[in-house]
file start_6.cif (mmCIF, C-alpha atoms)
data_upload
loop_
_atom_site.label_atom_id
_atom_site.label_comp_id
_atom_site.auth_asym_id
_atom_site.auth_seq_id
_atom_site.Cartn_x
_atom_site.Cartn_y
_atom_site.Cartn_z
CA MET A 997 4.49 61.94 -58.33
CA ILE A 998 1.05 63.36 -59.02
CA GLY A 999 2.48 66.81 -58.31
CA LYS A 1000 5.11 66.28 -60.97
CA LEU A 1001 2.54 65.10 -63.46
CA ASP A 1002 0.48 68.18 -62.74
CA GLN A 1003 3.54 70.43 -63.01
CA ASN A 1004 4.37 68.89 -66.35
CA LEU A 1005 0.93 69.64 -67.76
CA SER A 1006 -0.03 72.84 -65.96
CA PHE A 1007 1.72 75.34 -68.26
CA HIS A 1008 -0.10 74.25 -71.37
CA SER A 1009 -3.41 73.67 -69.59
CA ASN A 1010 -3.19 77.23 -68.20
CA ALA A 1011 -2.43 78.48 -71.69
CA LEU A 1012 -5.40 76.54 -73.06
CA VAL A 1013 -7.81 78.07 -70.54
CA LEU A 1014 -6.52 81.57 -71.24
CA ARG A 1015 -6.70 81.02 -74.99
CA SER A 1016 -10.34 80.00 -74.73
CA GLN A 1017 -11.11 83.06 -72.59
CA ARG A 1018 -9.40 85.27 -75.13
CA GLN A 1019 -11.38 83.60 -77.89
CA GLN A 1020 -14.55 84.48 -76.00
CA LEU A 1021 -13.45 88.11 -75.68
CA LEU A 1022 -12.58 88.36 -79.39
CA ALA A 1023 -15.93 86.76 -80.26
CA SER A 1024 -17.63 89.50 -78.22
CA ASN A 1025 -15.71 92.12 -80.19
CA ILE A 1026 -16.70 90.65 -83.55
CA ALA A 1027 -20.32 90.13 -82.48
CA ASN A 1028 -20.55 93.81 -81.54
CA ALA A 1029 -18.93 95.12 -84.73
CA ASP A 1030 -22.18 96.95 -85.60
CA THR A 1031 -23.19 98.13 -82.13
CA PRO A 1032 -22.86 101.91 -81.72
CA GLY A 1033 -20.56 102.96 -78.87
CA TYR A 1034 -19.03 99.52 -78.31
CA GLN A 1035 -15.31 99.58 -77.44
CA ALA A 1036 -13.20 96.60 -78.49
CA ARG A 1037 -11.41 94.85 -75.62
CA ASP A 1038 -8.52 92.48 -75.19
CA PHE A 1039 -6.01 91.44 -72.54
CA ASP A 1040 -2.25 90.99 -72.40
CA PHE A 1041 -1.92 87.26 -72.93
CA ALA A 1042 1.71 87.04 -71.77
CA ALA A 1043 0.94 88.86 -68.52
CA ALA A 1044 -2.11 86.69 -67.90
CA LEU A 1045 -0.12 83.51 -68.48
CA ARG A 1046 2.66 84.72 -66.18
CA ALA A 1047 0.11 85.50 -63.48
CA ALA A 1048 -1.61 82.13 -63.98
CA GLY A 1049 1.72 80.37 -63.53
CA GLY A 1050 2.30 82.30 -60.29
CA GLN A 1051 5.37 84.14 -61.56
CA GLY A 1052 3.89 87.58 -62.14
CA ALA A 1053 3.41 90.58 -59.90
CA ALA A 1054 0.17 91.45 -61.69
CA GLY A 1055 -1.90 89.02 -59.61
CA SER A 1056 -1.09 90.55 -56.22
CA ALA A 1057 -1.68 94.13 -57.37
CA ALA A 1058 -5.10 93.33 -58.82
CA GLN A 1059 -6.42 92.11 -55.47
CA GLY A 1060 -5.59 95.38 -53.67
CA VAL A 1061 -9.01 97.02 -53.97
CA VAL A 1062 -11.95 95.88 -51.84
CA ARG A 1063 -15.48 97.15 -52.43
CA THR A 1064 -17.10 98.01 -49.09
CA SER A 1065 -20.21 99.68 -50.52
CA ALA A 1066 -22.48 98.93 -53.43
CA GLU A 1067 -21.95 102.51 -54.61
CA HIS A 1068 -18.23 102.03 -55.16
CA LEU A 1069 -17.04 101.60 -58.70
CA LYS A 1070 -16.47 98.00 -59.69
CA PRO A 1071 -12.80 97.12 -60.14
CA ALA A 1072 -11.84 96.56 -63.77
CA ALA A 1073 -12.47 93.09 -65.18
CA THR A 1074 -9.41 90.88 -64.98
CA VAL A 1075 -8.39 87.60 -66.54
CA ASP A 1076 -6.10 85.79 -64.10
CA GLY A 1077 -4.66 89.08 -62.89
CA ALA A 1078 -4.22 90.66 -66.33
CA ARG A 1079 -6.56 93.58 -66.82
CA VAL A 1080 -9.01 93.57 -69.68
CA GLN A 1081 -8.12 96.71 -71.60
CA TYR A 1082 -9.68 98.71 -74.38
CA ARG A 1083 -8.06 98.58 -77.77
CA ILE A 1084 -6.83 101.84 -79.27
CA ALA A 1085 -8.74 102.31 -82.52
CA ALA A 1086 -6.54 102.80 -85.58
CA GLN A 1087 -9.36 104.66 -87.29
CA GLY A 1088 -12.16 105.97 -85.17
CA SER A 1089 -15.75 105.90 -86.42
CA LEU A 1090 -18.61 108.35 -85.96
CA ASP A 1091 -20.70 105.98 -83.82
CA ARG A 1092 -17.75 105.55 -81.37
CA ASN A 1093 -17.46 101.85 -82.19
CA SER A 1094 -13.78 100.91 -82.05
CA VAL A 1095 -14.01 97.39 -83.53
CA ASP A 1096 -11.64 96.94 -86.46
CA MET A 1097 -12.93 93.83 -88.22
CA ASP A 1098 -9.58 93.01 -89.89
CA THR A 1099 -7.65 93.17 -86.62
CA GLU A 1100 -10.24 91.20 -84.70
CA ARG A 1101 -10.58 88.47 -87.29
CA ALA A 1102 -6.82 88.15 -87.66
CA LEU A 1103 -6.45 87.85 -83.88
CA PHE A 1104 -9.34 85.38 -83.76
CA ALA A 1105 -7.69 83.10 -86.32
CA ASP A 1106 -4.28 83.56 -84.66
CA ASN A 1107 -5.73 82.67 -81.28
CA ALA A 1108 -7.44 79.57 -82.70
CA VAL A 1109 -4.17 78.32 -84.21
CA ARG A 1110 -2.24 78.95 -81.00
CA TYR A 1111 -4.96 77.16 -79.08
CA GLU A 1112 -4.48 74.15 -81.30
CA ALA A 1113 -0.72 74.38 -80.84
CA SER A 1114 -1.13 74.27 -77.05
CA LEU A 1115 -3.47 71.34 -77.50
CA ARG A 1116 -0.89 69.45 -79.53
CA PHE A 1117 1.88 70.15 -77.01
CA LEU A 1118 -0.41 68.81 -74.31
CA ASN A 1119 -1.23 65.79 -76.42
CA HIS A 1120 2.43 65.02 -76.96
CA LYS A 1121 3.19 65.38 -73.26
CA ILE A 1122 0.39 62.96 -72.44
CA LYS A 1123 1.66 60.52 -75.09
CA THR A 1124 5.21 60.78 -73.71
CA MET A 1125 4.03 60.05 -70.21
CA LEU A 1126 1.87 57.19 -71.40
CA SER A 1127 4.79 55.56 -73.20
CA ALA A 1128 6.89 56.00 -70.05
CA ILE A 1129 4.17 54.22 -68.05
CA GLN A 1130 3.40 51.49 -70.55
CA GLY A 1131 6.91 51.01 -71.87
CA MET B 209 -15.69 76.25 -70.48
CA SER B 210 -15.53 79.66 -72.09
CA LEU B 211 -15.50 78.28 -75.62
CA PHE B 212 -19.19 77.47 -75.21
CA LYS B 213 -19.71 81.15 -74.47
CA VAL B 214 -18.49 81.88 -78.02
CA PHE B 215 -21.61 80.12 -79.25
CA GLU B 216 -23.80 82.28 -77.04
CA VAL B 217 -22.06 85.49 -78.12
CA SER B 218 -22.02 84.65 -81.83
CA GLY B 219 -25.51 83.20 -81.64
CA SER B 220 -26.86 86.46 -80.25
CA ALA B 221 -25.09 88.36 -83.03
CA VAL B 222 -26.50 86.03 -85.70
CA ALA B 223 -30.02 86.52 -84.31
CA ALA B 224 -29.59 90.30 -84.24
CA GLN B 225 -28.17 90.43 -87.76
CA SER B 226 -30.96 88.28 -89.14
CA GLN B 227 -33.48 90.64 -87.56
CA ARG B 228 -31.67 93.52 -89.24
CA LEU B 229 -31.85 91.66 -92.55
CA ASN B 230 -35.57 91.16 -91.95
CA VAL B 231 -36.10 94.88 -91.45
CA VAL B 232 -34.07 95.65 -94.58
CA ALA B 233 -36.20 93.19 -96.57
CA SER B 234 -39.37 94.85 -95.36
CA ASN B 235 -37.98 98.29 -96.25
CA ILE B 236 -37.02 97.23 -99.77
CA ALA B 237 -40.31 95.39 -100.30
CA ASN B 238 -42.23 98.50 -99.29
CA ALA B 239 -40.07 101.02 -101.14
CA ASP B 240 -43.07 101.95 -103.31
CA SER B 241 -45.99 101.33 -100.90
CA ALA B 242 -47.92 104.58 -101.15
CA THR B 243 -50.41 103.50 -98.51
CA GLY B 244 -50.55 101.14 -95.54
CA PRO B 245 -53.07 99.88 -92.97
CA ASP B 246 -53.24 103.37 -91.41
CA GLY B 247 -53.76 105.04 -94.80
CA LYS B 248 -50.30 106.62 -94.72
CA ALA B 249 -47.22 105.85 -96.78
CA TYR B 250 -44.68 103.39 -95.36
CA ARG B 251 -41.84 104.82 -93.27
CA ALA B 252 -38.39 103.16 -93.41
CA ARG B 253 -37.38 101.29 -90.26
CA GLN B 254 -33.97 100.74 -88.71
CA VAL B 255 -32.82 98.39 -85.95
CA VAL B 256 -30.88 99.68 -82.94
CA PHE B 257 -28.23 97.28 -81.63
CA GLN B 258 -27.28 97.14 -77.98
CA THR B 259 -24.62 95.17 -76.11
CA ILE B 260 -25.74 92.69 -73.45
CA GLN B 261 -23.58 91.27 -70.68
CA LEU B 262 -24.06 87.50 -70.70
CA THR B 263 -24.65 86.14 -67.21
CA GLY B 264 -22.46 83.72 -65.33
CA SER B 265 -19.30 84.43 -67.28
CA SER B 266 -16.10 83.95 -65.32
CA GLY B 267 -12.86 85.66 -66.24
CA ALA B 268 -13.05 87.46 -69.56
CA PRO B 269 -16.31 89.38 -70.01
CA ALA B 270 -18.70 87.90 -72.60
CA THR B 271 -20.71 90.53 -74.42
CA GLY B 272 -23.51 89.63 -76.80
CA VAL B 273 -25.76 91.79 -78.97
CA LYS B 274 -29.48 92.27 -78.99
CA VAL B 275 -31.87 94.41 -80.96
CA ASN B 276 -32.90 97.12 -78.52
CA GLY B 277 -35.70 98.41 -80.68
CA ILE B 278 -36.85 99.27 -84.15
CA VAL B 279 -37.13 102.98 -84.90
CA GLU B 280 -38.91 104.63 -87.78
CA ASP B 281 -36.87 106.87 -90.03
CA SER B 282 -37.93 110.50 -89.45
CA SER B 283 -36.47 111.87 -92.68
CA PRO B 284 -38.98 113.66 -94.99
CA MET B 285 -41.16 111.50 -97.23
CA ARG B 286 -40.57 111.37 -100.95
CA ARG B 287 -43.06 113.51 -102.92
CA VAL B 288 -43.72 112.37 -106.47
CA ARG B 289 -45.75 114.31 -109.00
CA ASP B 290 -48.31 111.96 -110.54
CA PRO B 291 -51.74 113.58 -111.01
CA ALA B 292 -53.23 110.35 -112.41
CA HIS B 293 -52.51 108.48 -109.14
CA PRO B 294 -55.66 107.81 -107.05
CA LEU B 295 -53.85 109.02 -103.91
CA ALA B 296 -52.60 112.28 -105.43
CA ASP B 297 -53.40 115.46 -103.45
CA LYS B 298 -54.93 118.58 -105.01
CA ASP B 299 -51.54 119.70 -106.36
CA GLY B 300 -51.05 116.32 -108.06
CA TYR B 301 -48.36 115.04 -105.65
CA VAL B 302 -48.27 111.57 -104.09
CA THR B 303 -46.46 110.95 -100.79
CA MET B 304 -44.18 107.96 -101.23
CA PRO B 305 -42.09 106.07 -98.60
CA ASN B 306 -38.79 107.61 -97.45
CA VAL B 307 -36.94 104.36 -98.16
CA ASN B 308 -33.53 104.91 -99.75
CA VAL B 309 -33.02 101.72 -101.74
CA VAL B 310 -29.26 102.27 -102.13
CA ASP B 311 -28.85 102.66 -98.37
CA GLU B 312 -30.89 99.54 -97.82
CA MET B 313 -28.77 97.51 -100.24
CA VAL B 314 -25.62 98.61 -98.40
CA ASN B 315 -27.30 97.71 -95.12
CA MET B 316 -28.21 94.31 -96.51
CA ILE B 317 -24.66 93.52 -97.64
CA SER B 318 -23.27 94.65 -94.29
CA ALA B 319 -25.80 92.51 -92.39
CA SER B 320 -25.13 89.42 -94.49
CA ARG B 321 -21.35 89.79 -94.12
CA SER B 322 -21.65 90.15 -90.36
CA TYR B 323 -23.91 87.11 -90.31
CA GLN B 324 -21.33 85.13 -92.27
CA THR B 325 -18.49 86.20 -89.97
CA ASN B 326 -20.36 85.11 -86.88
CA ILE B 327 -21.23 81.72 -88.38
CA GLU B 328 -17.56 81.29 -89.23
CA MET B 329 -16.61 82.09 -85.64
CA MET B 330 -19.00 79.43 -84.39
CA ASN B 331 -17.44 76.96 -86.83
CA THR B 332 -13.97 77.82 -85.53
CA ALA B 333 -15.07 77.38 -81.92
CA LYS B 334 -16.74 74.09 -82.84
CA GLY B 335 -13.52 72.87 -84.47
CA MET B 336 -11.55 73.83 -81.38
CA LEU B 337 -13.94 72.01 -79.08
CA LEU B 338 -13.91 68.89 -81.25
CA LYS B 339 -10.11 68.90 -81.10
CA VAL B 340 -10.26 69.02 -77.31
CA LEU B 341 -12.31 65.83 -77.42
CA THR B 342 -9.47 64.02 -79.17
CA LEU B 343 -6.98 65.02 -76.43
CA GLY B 344 -4.90 62.10 -75.18
CA SER B 345 -6.14 59.62 -77.76
#
call {"tool": "encode", "arguments": {"input": "start_6.cif", "output": "structure tokens"}}
result
Amino acid sequence: MIGKLDQNLSFHSNALVLRSQRQQLLASNIANADTPGYQARDFDFAAALRAAGGQGAAGSAAQGVVRTSAEHLKPAATVDGARVQYRIAAQGSLDRNSVDMDTERALFADNAVRYEASLRFLNHKIKTMLSAIQG
Amino acid sequence: MSLFKVFEVSGSAVAAQSQRLNVVASNIANADSATGPDGKAYRARQVVFQTIQLTGSSGAPATGVKVNGIVEDSSPMRRVRDPAHPLADKDGYVTMPNVNVVDEMVNMISASRSYQTNIEMMNTAKGMLLKVLTLGS
């Protein structure tokens, strides 16, 4: 029973966690809009959500590399199996900063709205279950 | 809870931008200071931003900003001919600061816009967190 409850809620709770991590990443991009040499980063949300739900192949591939020495390169940062990647700048700048404020702010707002959407779905699921329990 | 990290990231950016604004204010205020404590004309200053990796972040990397240092502008000083000035040299020229007021105004607008954006981001994150608190009610 508890398993079913968890299954019912897990998709949107996974989405919520990933959305908040993406929000953090986009905040980093916007905060560093004036830092010379900073490269904007993002991750593939769909791939991350698939991996978080245990349906993707991305998760298994990301765990393939093991560091056996401190001198080895660190494996690329991942969010639930989806690699954090650098954004391709539409217009490069002289200080090698690839943050495009319009793109980042649009994505930030978009992400916030989708976060709220996930939150509402979750809320409705909880309400549905509560009405099933309480009658 | 990575949404709290947004506050750390944006907070560091707000602090860095306000320091930049501070330096701009001092540059503009001293745009005509022909002499200083060391007897020389004021040199324009610029902040250097640097990314910092915030500790203890799981999953997505959280990168803040800090002011790495304040460098003095090495461009040549402005020479103004004014023989009546008490600091004029034997040719009648006074060495004035190398502050470019137009550049500084642009810098100021850019800093204040970045400041605004980061405050807005914190507001968004705050709204999101407050909505989480109403979950299930």
call {"tool": "residues_around", "arguments": {"input": "start_6.cif", "residues": "range 1047-1050 of chain A", "least_positions_apart": "6", "cutoff": "9 Å", "atoms": "only C-alpha atoms", "output": "PDB file with C-alpha atoms, keeping the file's coordinate frame"}}
result
ATOM      1  CA  SER A1006      -0.030  72.840 -65.960  1.00  0.00           C
ATOM      2  CA  PHE A1007       1.720  75.340 -68.260  1.00  0.00           C
ATOM      3  CA  ASN A1010      -3.190  77.230 -68.200  1.00  0.00           C
ATOM      4  CA  ALA A1011      -2.430  78.480 -71.690  1.00  0.00           C
ATOM      5  CA  LEU A1014      -6.520  81.570 -71.240  1.00  0.00           C
ATOM      6  CA  SER A1056      -1.090  90.550 -56.220  1.00  0.00           C
ATOM      7  CA  ASP A1076      -6.100  85.790 -64.100  1.00  0.00           C
ATOM      8  CA  GLY A1077      -4.660  89.080 -62.890  1.00  0.00           C
ATOM      9  CA  ALA A1078      -4.220  90.660 -66.330  1.00  0.00           C
TER      10      ALA A1078
END
call {"tool": "atom_distance", "arguments": {"input": "start_6.cif", "atom1": "CA of Thr1031 in chain A", "atom2": "CA of Arg1079 in chain A"}}
result
23.1 Å
call {"tool": "residues_around", "arguments": {"input": "start_6.cif", "residues": "range 1106-1123 of chain A", "least_positions_apart": "3", "cutoff": "12 Å", "atoms": "all atoms listed in the file", "output": "number ranges by chain"}}
result
A: 1001-1023, 1038, 1041, 1099-1103, 1126-1131; B: 211, 329-345
call {"tool": "resolve_selection", "arguments": {"input": "start_6.cif", "expression": "the PyMOL selection byres ((chain B and resi 310-314) around 9)", "output": "list of chain:residue names"}}
result
B:Val232, B:Ala233, B:Asn235, B:Ile236, B:Val307, B:Asn308, B:Val309, B:Asn315, B:Met316, B:Ile317, B:Ser318, B:Ala319
call {"tool": "closest_residue", "arguments": {"input": "start_6.cif", "among": "B:Gly277, B:Pro245, B:Gly219, B:Pro284", "to": "chain A", "atoms": "all atoms listed in the file"}}
result
B:Gly219
call {"tool": "atom_distance", "arguments": {"input": "start_6.cif", "atom1": "CA of Gln1087 in chain A", "atom2": "CA of Val256 in chain B"}}
result
22.5 Å
call {"tool": "interface_residues", "arguments": {"input": "start_6.cif", "of": "chain B", "to": "chain A", "cutoff": "7 Å", "atoms": "all atoms listed in the file", "output": "list in words"}}
result
Ser210, Leu211, Lys213, Val214, Val217, Ser218, Ala221, Phe257, Gln258, Thr259, Gly267, Ala268, Pro269, Ala270, Thr271, Gly272, Val273, Asn326, Leu343 and Gly344 of chain B
call {"tool": "write_last_selection", "arguments": {"input": "start_6.cif", "atoms": "C-alpha atoms", "output": "compact mmCIF listing (two decimals), in the coordinates of the input"}}
result
# COMPACT_ATOMS: atom_id res chain seq x y z
CA SER B 210 -15.53 79.66 -72.09
CA LEU B 211 -15.50 78.28 -75.62
CA LYS B 213 -19.71 81.15 -74.47
CA VAL B 214 -18.49 81.88 -78.02
CA VAL B 217 -22.06 85.49 -78.12
CA SER B 218 -22.02 84.65 -81.83
CA ALA B 221 -25.09 88.36 -83.03
CA PHE B 257 -28.23 97.28 -81.63
CA GLN B 258 -27.28 97.14 -77.98
CA THR B 259 -24.62 95.17 -76.11
CA GLY B 267 -12.86 85.66 -66.24
CA ALA B 268 -13.05 87.46 -69.56
CA PRO B 269 -16.31 89.38 -70.01
CA ALA B 270 -18.70 87.90 -72.60
CA THR B 271 -20.71 90.53 -74.42
CA GLY B 272 -23.51 89.63 -76.80
CA VAL B 273 -25.76 91.79 -78.97
CA ASN B 326 -20.36 85.11 -86.88
CA LEU B 343 -6.98 65.02 -76.43
CA GLY B 344 -4.90 62.10 -75.18
call {"tool": "residues_near_point", "arguments": {"input": "start_6.cif", "point": "(-48.1, 105.1, -99.6)", "cutoff": "9 Å", "atoms": "only C-alpha atoms", "output": "number ranges by chain"}}
result
B: 238, 240-244, 247-251, 295, 302-305
call {"tool": "atom_distance", "arguments": {"input": "start_6.cif", "atom1": "CA of Val231 in chain B", "atom2": "CA of Val255 in chain B"}}
result
7.3 Å
call {"tool": "closest_residue", "arguments": {"input": "start_6.cif", "among": "B:Gln324, B:Ser282, B:Asn276, B:Ser226", "to": "Arg253 in chain B", "atoms": "all atoms listed in the file"}}
result
B:Ser282
call {"tool": "resolve_selection", "arguments": {"input": "start_6.cif", "expression": "the PyMOL selection byres ((chain A and resi 1082) around 6)", "output": "number ranges by chain"}}
result
A: 1036-1037, 1081, 1083
